[in-house]
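Colleague: Provided herewith is a single structure, encoded as structure tokens, for subsequent inquiry.
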Amino acid sequence: MKKLSRSKLKSIKGSLNCAGCPVNNNYGTGPEYSNTCAQYFALSQNCQMCVDVSADCYE
């Protein structure tokens with residue numbers, strides 16, 4: 001494994017801020033999900049990394 005500098009770590013998308021994202025929602029098909037897959041894909045990329053999504057949305 002290669003060590004990363006702090007400046008490179010800050011640029012990794014997984015370290016984005018989830019402020020303003022609907023983090024209490026979950027996305028998928030079926031009654032157990034609060035939102036649909038279409039609503040998930042309508043989110044910004046930043047918010048997509050902050051929410052729970054079913055693998056069904058990628059099929």
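Ordering of the structure tokens sets the chain letters (A, B, ...); residue numbers start at 1 within each chain; ligands are numbered from 1 in the order shown.
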Skip A:Ala55 itself and residues of its chain fewer than 5 positions away, then list as a PDB file with C-alpha atoms, in the first residue's frame all residues within 12 Å of it, counting only C-alpha atoms.
Modeller:
ATOM      1  CA  ASN A  26     -32.997   5.227   1.760  1.00  0.00           C
ATOM      2  CA  TYR A  27     -33.409   4.477  -1.929  1.00  0.00           C
ATOM      3  CA  GLY A  28     -34.528   1.353  -3.753  1.00  0.00           C
ATOM      4  CA  THR A  29     -37.465  -0.598  -5.146  1.00  0.00           C
ATOM      5  CA  CYS A  37     -34.135   4.696  -7.529  1.00  0.00           C
ATOM      6  CA  TYR A  40     -31.562   8.584  -5.997  1.00  0.00           C
TER       7      TYR A  40
END
Colleague: Please provide as a ChimeraX atom specification all residues within 12 Å of A:Asn35, with the sequence filter that same-chain residues fewer than 2 positions apart are discarded (counting only C-alpha atoms).
Modeller: /A:22-33,37-43,51-54,57
Colleague: Enumerate as a count of residues only all residues of chain A assigned to strand (DSSP E) by DSSP on the backbone, naming them with the chain letters and numbers the document uses.
Modeller: 4
Colleague: Among chain A, which ones does DSSP assign to helix (DSSP H, G or I) (computed from the backbone)? Answer as a ChimeraX atom specification.
Modeller: /A:6-11,13-15,37-42,45-48,55-58
Colleague: Expressed in Å to a single decimal, how great is the separation between atom CA of A:Cys21 and atom CA of A:Met49?
Modeller: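 Between these atoms lies a distance of 9.6 Å.
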